[in-house]
Amino acid sequence: MSKVPIALQLYTVRQDIDTDLQRTLRNVAEIGYAGVEFAGYADWKATELKSLLADLNLRPAGGHVPIDQLEKDIHKVIHFNLELGNPYVVCPWIPEERRKDKADWLIIADLFNSVGQKCRQNGLTFCYHNHSFEFEKFGDTYALDLLFGATRPNLVNAELDTYWVKHGGEDPVDYLRRYAGRCALVHLKDMAGDEKRSFAEVGAGILDWDAIFEAAEAGGAEWYIVEQDTCPGPPIESARISFENLKKWGKV
C-alpha cells in the first residue's frame, strides 16, 4: 500500500503567513511536507500560488472556504481552485446562528449537496471539516450524523478532525470507520492529557495513532493533514515535531 501523503494546514502557521507567505511555505517544504492546505490566500492570485508551490515541490491538499463564499460565490471559488490545481474545497465552520436546531442542519445539508454537485461537475471534491459543536444531539442523533445522513456521499466528503471528534466525546477511530470511503482528508491533531485538553503536536498527546492510521487508510484517506490550532512555542517548530514523529512511525 502506498503511503498517504502528509500536508500541513497553514492555519497552524497563520502568523508567519501574514508576515511572509513565501518564506513560510519554503520552511514547510524544508521540513519535508508533501503539501499544504490553505486557510486563506493572503491576497495572492491562484496562478502565483500554483507557481510558488511548484517551485517548492509542494502540492495543494485542500483549501478552507467560508460558508458565505460557498453560498454566494461558488463559481468564483471553483475557478480559483481550478487555477490553483487544488482538488479539495472545504467548508471549515458553520456559524452558531445557522445551526440552532435540526431544521438548520438540514438546510445546511441541502446547501452542501448543491455546492458538492457544482464542485463535482468541475472535477473538484467538496468536504466538510468538523469541530466539536457537531456532537450536539437533536433527538438521538448527533448533528454531524444528521448532516452526513442528509448529504450524498458522492457530493459531500468528510475532512475528519481527530482532535475535535475526541473533544466532542467520541472516538475518531469509530468515526473514520463509520464514514469509510468518505474521509478523503483526515486532520491529524493531537490532544494533551491535561485538564484543558490542550492542542498538542501529533504524537505528544493521548490519541491512539496506530488505530487512527489503520482506520483512515482502510477507509481510503487521500491526505493526512497536520494541524495545530495553538502551539506552545513557534508554530513552525510544532509543525516540525509532528512531521518528525510521523516520520519515526514510517508514515513519511
# chains A, B, ... in the order shown; residues from 1 in each chain; ligands from 1

call {"tool": "closest_atom_pairs", "arguments": {"of": "segment 65-165 of chain A", "to": "segment 38-55 of chain A", "cutoff": "7 Å", "atoms": "only C-alpha atoms", "output": "JSON lines"}}
result
{"residue": "A:Phe80", "atom": "CA", "partner": "A:Ala46", "partner_atom": "CA", "distance": 5.9}
{"residue": "A:Glu83", "atom": "CA", "partner": "A:Ala46", "partner_atom": "CA", "distance": 5.7}
{"residue": "A:Leu84", "atom": "CA", "partner": "A:Ala46", "partner_atom": "CA", "distance": 4.8}
{"residue": "A:Gly85", "atom": "CA", "partner": "A:Lys50", "partner_atom": "CA", "distance": 7.0}

call {"tool": "write_last_selection", "arguments": {"atoms": "N, CA and C atoms", "output": "tab-separated table (two decimals), in the first residue's frame"}}
result
chain	number	residue	atom	x	y	z
A	80	PHE	N	-11.09	29.69	-8.94
A	80	PHE	CA	-9.82	29.90	-8.24
A	80	PHE	C	-9.11	28.58	-7.98
A	83	GLU	N	-7.69	26.96	-11.09
A	83	GLU	CA	-6.45	27.65	-11.48
A	83	GLU	C	-5.29	27.24	-10.57
A	84	LEU	N	-5.58	27.08	-9.29
A	84	LEU	CA	-4.55	26.70	-8.32
A	84	LEU	C	-4.12	25.25	-8.48
A	85	GLY	N	-5.03	24.43	-9.03
A	85	GLY	CA	-4.75	23.00	-9.12
A	85	GLY	C	-5.06	22.27	-7.83

call {"tool": "select_by_dssp", "arguments": {"residues": "segment 48-227 of chain A", "states": "strand (DSSP E)", "output": "JSON, numbers by chain"}}
result
{"A": [59, 60, 61, 62, 63, 64, 88, 89, 90, 91, 125, 126, 127, 128, 129, 137, 138, 141, 142, 157, 158, 159, 160, 161, 185, 186, 187, 188, 190, 191, 199, 200, 223, 224, 225, 226]}

call {"tool": "write_last_selection", "arguments": {"atoms": "N, CA and C atoms", "output": "compact mmCIF listing (two decimals), in the first residue's frame"}}
result
# COMPACT_ATOMS: atom_id res chain seq x y z
N ARG A 59 2.33 20.34 -3.04
CA ARG A 59 1.05 20.20 -3.72
C ARG A 59 -0.07 20.80 -2.87
N PRO A 60 -1.10 21.36 -3.49
CA PRO A 60 -2.26 21.80 -2.72
C PRO A 60 -3.07 20.60 -2.28
N ALA A 61 -3.35 20.53 -0.98
CA ALA A 61 -4.09 19.40 -0.42
C ALA A 61 -5.44 19.83 0.11
N GLY A 62 -5.91 20.98 -0.31
CA GLY A 62 -7.20 21.48 0.13
C GLY A 62 -7.16 22.97 0.37
N GLY A 63 -8.34 23.54 0.47
CA GLY A 63 -8.46 24.96 0.77
C GLY A 63 -9.75 25.21 1.54
N HIS A 64 -9.64 25.85 2.70
CA HIS A 64 -10.81 26.16 3.51
C HIS A 64 -11.49 27.42 2.97
N TYR A 88 -9.55 19.93 -3.65
CA TYR A 88 -10.43 19.80 -2.49
C TYR A 88 -10.87 21.17 -1.97
N VAL A 89 -12.17 21.41 -2.02
CA VAL A 89 -12.77 22.61 -1.47
C VAL A 89 -13.43 22.22 -0.16
N VAL A 90 -13.08 22.93 0.93
CA VAL A 90 -13.51 22.51 2.26
C VAL A 90 -14.23 23.64 2.97
N CYS A 91 -15.42 23.33 3.50
CA CYS A 91 -16.10 24.27 4.41
C CYS A 91 -15.60 23.98 5.81
N THR A 125 -13.59 18.00 -5.37
CA THR A 125 -14.25 17.29 -4.27
C THR A 125 -14.55 18.28 -3.16
N PHE A 126 -15.80 18.27 -2.69
CA PHE A 126 -16.21 19.14 -1.60
C PHE A 126 -16.23 18.37 -0.30
N CYS A 127 -15.67 18.98 0.76
CA CYS A 127 -15.58 18.33 2.07
C CYS A 127 -16.08 19.28 3.16
N TYR A 128 -16.47 18.69 4.28
CA TYR A 128 -16.82 19.47 5.47
C TYR A 128 -15.89 19.08 6.61
N HIS A 129 -15.30 20.10 7.25
CA HIS A 129 -14.38 19.92 8.38
C HIS A 129 -15.13 20.15 9.68
N LYS A 137 -26.65 16.66 20.26
CA LYS A 137 -27.69 15.75 19.77
C LYS A 137 -29.01 16.48 19.55
N PHE A 138 -29.66 16.11 18.46
CA PHE A 138 -31.02 16.52 18.19
C PHE A 138 -31.84 15.24 18.14
N THR A 141 -29.70 11.80 17.64
CA THR A 141 -28.69 11.84 16.57
C THR A 141 -27.81 13.08 16.69
N TYR A 142 -26.50 12.86 16.60
CA TYR A 142 -25.58 13.99 16.57
C TYR A 142 -25.80 14.82 15.30
N ASN A 157 -17.91 14.99 1.07
CA ASN A 157 -16.96 14.18 1.82
C ASN A 157 -16.71 14.79 3.20
N ALA A 158 -16.04 14.01 4.05
CA ALA A 158 -15.65 14.49 5.37
C ALA A 158 -14.17 14.82 5.40
N GLU A 159 -13.85 15.94 6.03
CA GLU A 159 -12.47 16.18 6.46
C GLU A 159 -12.50 15.99 7.97
N LEU A 160 -12.29 14.76 8.40
CA LEU A 160 -12.47 14.42 9.81
C LEU A 160 -11.29 14.94 10.62
N ASP A 161 -11.59 15.69 11.66
CA ASP A 161 -10.56 16.24 12.55
C ASP A 161 -10.51 15.39 13.81
N LEU A 185 -9.92 13.47 3.33
CA LEU A 185 -8.92 14.26 4.06
C LEU A 185 -9.08 13.97 5.55
N VAL A 186 -7.97 13.74 6.23
CA VAL A 186 -8.00 13.49 7.68
C VAL A 186 -7.07 14.48 8.36
N HIS A 187 -7.63 15.28 9.26
CA HIS A 187 -6.82 16.22 10.04
C HIS A 187 -6.19 15.49 11.21
N LEU A 188 -4.88 15.43 11.23
CA LEU A 188 -4.12 14.84 12.33
C LEU A 188 -3.87 15.92 13.36
N ASP A 190 -3.54 16.28 17.72
CA ASP A 190 -3.47 15.53 18.97
C ASP A 190 -3.99 16.37 20.14
N MET A 191 -4.34 15.66 21.20
CA MET A 191 -4.88 16.29 22.41
C MET A 191 -3.98 15.96 23.59
N PHE A 199 -4.21 21.59 22.74
CA PHE A 199 -3.70 21.07 21.47
C PHE A 199 -2.25 20.63 21.67
N ALA A 200 -1.88 19.54 21.00
CA ALA A 200 -0.53 19.01 21.14
C ALA A 200 0.00 18.59 19.77
N TRP A 223 -5.23 12.20 1.91
CA TRP A 223 -4.24 13.09 2.51
C TRP A 223 -4.36 13.02 4.02
N TYR A 224 -3.22 13.01 4.71
CA TYR A 224 -3.15 13.34 6.12
C TYR A 224 -2.72 14.80 6.21
N ILE A 225 -3.44 15.56 7.01
CA ILE A 225 -3.15 16.99 7.12
C ILE A 225 -2.93 17.36 8.59
N VAL A 226 -1.71 17.71 8.92
CA VAL A 226 -1.35 18.10 10.28
C VAL A 226 -1.89 19.50 10.55

call {"tool": "atom_distance", "arguments": {"atom1": "atom CA of Asp171 of chain A", "atom2": "atom CA of Phe112 of chain A"}}
result
24.9 Å

call {"tool": "residues_around", "arguments": {"residues": "Gln22 of chain A", "least_positions_apart": "2", "cutoff": "10 Å", "atoms": "only C-alpha atoms", "output": "list in words"}}
result
Asp16, Ile17, Thr19, Asp20, Thr24, Leu25, Arg26, Asn27, Leu49, Leu52, Leu53 and Leu56 of chain A

call {"tool": "select_by_dssp", "arguments": {"residues": "segment 42-247 of chain A", "states": "alpha helix (DSSP H)", "output": "JSON, numbers by chain"}}
result
{"A": [46, 47, 48, 49, 50, 51, 52, 53, 54, 55, 67, 68, 69, 70, 71, 72, 74, 75, 76, 77, 78, 79, 80, 81, 82, 83, 84, 102, 103, 104, 105, 106, 107, 108, 109, 110, 111, 112, 113, 114, 115, 116, 117, 118, 119, 120, 121, 143, 144, 145, 146, 147, 148, 149, 162, 163, 164, 165, 166, 167, 172, 173, 174, 175, 176, 177, 178, 209, 210, 211, 212, 213, 214, 215, 216, 217, 218, 235, 236, 237, 238, 239, 240, 241, 242, 243, 244, 245, 246, 247]}

call {"tool": "closest_residue", "arguments": {"among": "A:Val77, A:Ala192, A:Cys231, A:Ala204", "to": "Arg14 of chain A", "atoms": "only C-alpha atoms"}}
result
A:Cys231

call {"tool": "atom_distance", "arguments": {"atom1": "atom CA of Glu201 of chain A", "atom2": "atom CA of Glu237 of chain A"}}
result
9.6 Å

call {"tool": "residues_around", "arguments": {"residues": "segment 167-170 of chain A", "least_positions_apart": "5", "cutoff": "9 Å", "atoms": "only C-alpha atoms", "output": "JSON, numbers by chain"}}
result
{"A": [131, 132, 133, 134, 135, 136, 162, 175, 191, 197]}

call {"tool": "atom_distance", "arguments": {"atom1": "atom CA of Val173 of chain A", "atom2": "atom CA of Ile212 of chain A"}}
result
5.3 Å

call {"tool": "closest_residue", "arguments": {"among": "A:Asp73, A:Lys247, A:Glu96, A:Ile236", "to": "Glu30 of chain A", "atoms": "only C-alpha atoms"}}
result
A:Ile236

call {"tool": "closest_residue", "arguments": {"among": "A:Phe148, A:Trp93, A:Tyr163, A:Tyr11", "to": "Lys189 of chain A", "atoms": "only C-alpha atoms"}}
result
A:Tyr163

call {"tool": "decode", "arguments": {"residues": "segment 200-235 of chain A", "atoms": "N, CA and C atoms", "output": "PDB file, in the first residue's frame"}}
result
ATOM      1  N   ALA A 200      -1.884  19.542  20.998  1.00  0.00           N
ATOM      2  CA  ALA A 200      -0.529  19.005  21.136  1.00  0.00           C
ATOM      3  C   ALA A 200       0.001  18.587  19.774  1.00  0.00           C
ATOM      4  N   GLU A 201       1.322  18.528  19.658  1.00  0.00           N
ATOM      5  CA  GLU A 201       1.931  18.010  18.438  1.00  0.00           C
ATOM      6  C   GLU A 201       1.496  16.558  18.240  1.00  0.00           C
ATOM      7  N   VAL A 202       1.368  16.136  17.008  1.00  0.00           N
ATOM      8  CA  VAL A 202       0.990  14.755  16.714  1.00  0.00           C
ATOM      9  C   VAL A 202       2.021  13.819  17.350  1.00  0.00           C
ATOM     10  N   GLY A 203       1.534  12.925  18.204  1.00  0.00           N
ATOM     11  CA  GLY A 203       2.428  12.013  18.906  1.00  0.00           C
ATOM     12  C   GLY A 203       2.772  12.456  20.307  1.00  0.00           C
ATOM     13  N   ALA A 204       2.391  13.674  20.679  1.00  0.00           N
ATOM     14  CA  ALA A 204       2.712  14.187  22.010  1.00  0.00           C
ATOM     15  C   ALA A 204       1.500  14.167  22.936  1.00  0.00           C
ATOM     16  N   GLY A 205       0.402  13.601  22.452  1.00  0.00           N
ATOM     17  CA  GLY A 205      -0.823  13.604  23.237  1.00  0.00           C
ATOM     18  C   GLY A 205      -1.354  12.220  23.517  1.00  0.00           C
ATOM     19  N   ILE A 206      -2.683  12.104  23.623  1.00  0.00           N
ATOM     20  CA  ILE A 206      -3.315  10.880  24.113  1.00  0.00           C
ATOM     21  C   ILE A 206      -4.045  10.092  23.034  1.00  0.00           C
ATOM     22  N   LEU A 207      -4.068  10.561  21.803  1.00  0.00           N
ATOM     23  CA  LEU A 207      -4.818   9.848  20.766  1.00  0.00           C
ATOM     24  C   LEU A 207      -4.090   8.569  20.341  1.00  0.00           C
ATOM     25  N   ASP A 208      -4.882   7.587  19.939  1.00  0.00           N
ATOM     26  CA  ASP A 208      -4.358   6.284  19.530  1.00  0.00           C
ATOM     27  C   ASP A 208      -4.051   6.328  18.034  1.00  0.00           C
ATOM     28  N   TRP A 209      -2.823   6.708  17.706  1.00  0.00           N
ATOM     29  CA  TRP A 209      -2.492   6.956  16.303  1.00  0.00           C
ATOM     30  C   TRP A 209      -2.418   5.688  15.468  1.00  0.00           C
ATOM     31  N   ASP A 210      -1.963   4.599  16.031  1.00  0.00           N
ATOM     32  CA  ASP A 210      -1.927   3.359  15.254  1.00  0.00           C
ATOM     33  C   ASP A 210      -3.328   2.983  14.774  1.00  0.00           C
ATOM     34  N   ALA A 211      -4.298   3.079  15.662  1.00  0.00           N
ATOM     35  CA  ALA A 211      -5.683   2.747  15.298  1.00  0.00           C
ATOM     36  C   ALA A 211      -6.264   3.767  14.323  1.00  0.00           C
ATOM     37  N   ILE A 212      -5.903   5.033  14.503  1.00  0.00           N
ATOM     38  CA  ILE A 212      -6.383   6.077  13.594  1.00  0.00           C
ATOM     39  C   ILE A 212      -5.850   5.837  12.187  1.00  0.00           C
ATOM     40  N   PHE A 213      -4.562   5.571  12.073  1.00  0.00           N
ATOM     41  CA  PHE A 213      -3.973   5.327  10.753  1.00  0.00           C
ATOM     42  C   PHE A 213      -4.598   4.101  10.086  1.00  0.00           C
ATOM     43  N   GLU A 214      -4.795   3.056  10.861  1.00  0.00           N
ATOM     44  CA  GLU A 214      -5.372   1.835  10.296  1.00  0.00           C
ATOM     45  C   GLU A 214      -6.767   2.110   9.742  1.00  0.00           C
ATOM     46  N   ALA A 215      -7.595   2.805  10.518  1.00  0.00           N
ATOM     47  CA  ALA A 215      -8.959   3.096  10.083  1.00  0.00           C
ATOM     48  C   ALA A 215      -8.983   4.059   8.900  1.00  0.00           C
ATOM     49  N   ALA A 216      -8.128   5.094   8.946  1.00  0.00           N
ATOM     50  CA  ALA A 216      -8.099   6.081   7.867  1.00  0.00           C
ATOM     51  C   ALA A 216      -7.678   5.445   6.553  1.00  0.00           C
ATOM     52  N   GLU A 217      -6.659   4.615   6.605  1.00  0.00           N
ATOM     53  CA  GLU A 217      -6.144   4.009   5.378  1.00  0.00           C
ATOM     54  C   GLU A 217      -7.079   2.930   4.843  1.00  0.00           C
ATOM     55  N   ALA A 218      -7.730   2.193   5.746  1.00  0.00           N
ATOM     56  CA  ALA A 218      -8.727   1.219   5.306  1.00  0.00           C
ATOM     57  C   ALA A 218      -9.903   1.918   4.637  1.00  0.00           C
ATOM     58  N   GLY A 219     -10.163   3.157   5.071  1.00  0.00           N
ATOM     59  CA  GLY A 219     -11.277   3.921   4.517  1.00  0.00           C
ATOM     60  C   GLY A 219     -10.934   4.750   3.304  1.00  0.00           C
ATOM     61  N   GLY A 220      -9.689   4.667   2.835  1.00  0.00           N
ATOM     62  CA  GLY A 220      -9.316   5.342   1.598  1.00  0.00           C
ATOM     63  C   GLY A 220      -8.862   6.779   1.740  1.00  0.00           C
ATOM     64  N   ALA A 221      -8.279   7.144   2.877  1.00  0.00           N
ATOM     65  CA  ALA A 221      -7.775   8.514   3.055  1.00  0.00           C
ATOM     66  C   ALA A 221      -6.789   8.867   1.949  1.00  0.00           C
ATOM     67  N   GLU A 222      -6.927  10.083   1.423  1.00  0.00           N
ATOM     68  CA  GLU A 222      -6.072  10.546   0.331  1.00  0.00           C
ATOM     69  C   GLU A 222      -5.001  11.523   0.795  1.00  0.00           C
ATOM     70  N   TRP A 223      -5.234  12.200   1.910  1.00  0.00           N
ATOM     71  CA  TRP A 223      -4.238  13.091   2.513  1.00  0.00           C
ATOM     72  C   TRP A 223      -4.364  13.022   4.022  1.00  0.00           C
ATOM     73  N   TYR A 224      -3.216  13.013   4.709  1.00  0.00           N
ATOM     74  CA  TYR A 224      -3.148  13.337   6.118  1.00  0.00           C
ATOM     75  C   TYR A 224      -2.721  14.798   6.207  1.00  0.00           C
ATOM     76  N   ILE A 225      -3.441  15.564   7.015  1.00  0.00           N
ATOM     77  CA  ILE A 225      -3.150  16.993   7.120  1.00  0.00           C
ATOM     78  C   ILE A 225      -2.928  17.357   8.586  1.00  0.00           C
ATOM     79  N   VAL A 226      -1.710  17.705   8.918  1.00  0.00           N
ATOM     80  CA  VAL A 226      -1.349  18.103  10.282  1.00  0.00           C
ATOM     81  C   VAL A 226      -1.887  19.502  10.545  1.00  0.00           C
ATOM     82  N   GLU A 227      -2.519  19.658  11.699  1.00  0.00           N
ATOM     83  CA  GLU A 227      -2.970  20.993  12.111  1.00  0.00           C
ATOM     84  C   GLU A 227      -2.829  21.110  13.622  1.00  0.00           C
ATOM     85  N   GLN A 228      -2.384  22.264  14.068  1.00  0.00           N
ATOM     86  CA  GLN A 228      -2.326  22.560  15.498  1.00  0.00           C
ATOM     87  C   GLN A 228      -2.815  23.984  15.687  1.00  0.00           C
ATOM     88  N   ASP A 229      -3.958  24.131  16.338  1.00  0.00           N
ATOM     89  CA  ASP A 229      -4.612  25.439  16.432  1.00  0.00           C
ATOM     90  C   ASP A 229      -3.790  26.439  17.235  1.00  0.00           C
ATOM     91  N   THR A 230      -3.222  25.979  18.330  1.00  0.00           N
ATOM     92  CA  THR A 230      -2.320  26.816  19.122  1.00  0.00           C
ATOM     93  C   THR A 230      -1.103  25.971  19.499  1.00  0.00           C
ATOM     94  N   CYS A 231       0.031  26.634  19.612  1.00  0.00           N
ATOM     95  CA  CYS A 231       1.301  25.936  19.854  1.00  0.00           C
ATOM     96  C   CYS A 231       2.002  26.567  21.058  1.00  0.00           C
ATOM     97  N   PRO A 232       2.785  25.774  21.800  1.00  0.00           N
ATOM     98  CA  PRO A 232       3.467  26.317  22.984  1.00  0.00           C
ATOM     99  C   PRO A 232       4.632  27.226  22.647  1.00  0.00           C
ATOM    100  N   GLY A 233       5.188  27.082  21.452  1.00  0.00           N
ATOM    101  CA  GLY A 233       6.312  27.893  21.002  1.00  0.00           C
ATOM    102  C   GLY A 233       6.091  28.302  19.565  1.00  0.00           C
ATOM    103  N   PRO A 234       7.158  28.503  18.791  1.00  0.00           N
ATOM    104  CA  PRO A 234       6.992  28.862  17.382  1.00  0.00           C
ATOM    105  C   PRO A 234       6.194  27.779  16.646  1.00  0.00           C
ATOM    106  N   PRO A 235       5.118  28.145  15.963  1.00  0.00           N
ATOM    107  CA  PRO A 235       4.284  27.149  15.288  1.00  0.00           C
ATOM    108  C   PRO A 235       5.035  26.285  14.281  1.00  0.00           C
TER     109      PRO A 235
END
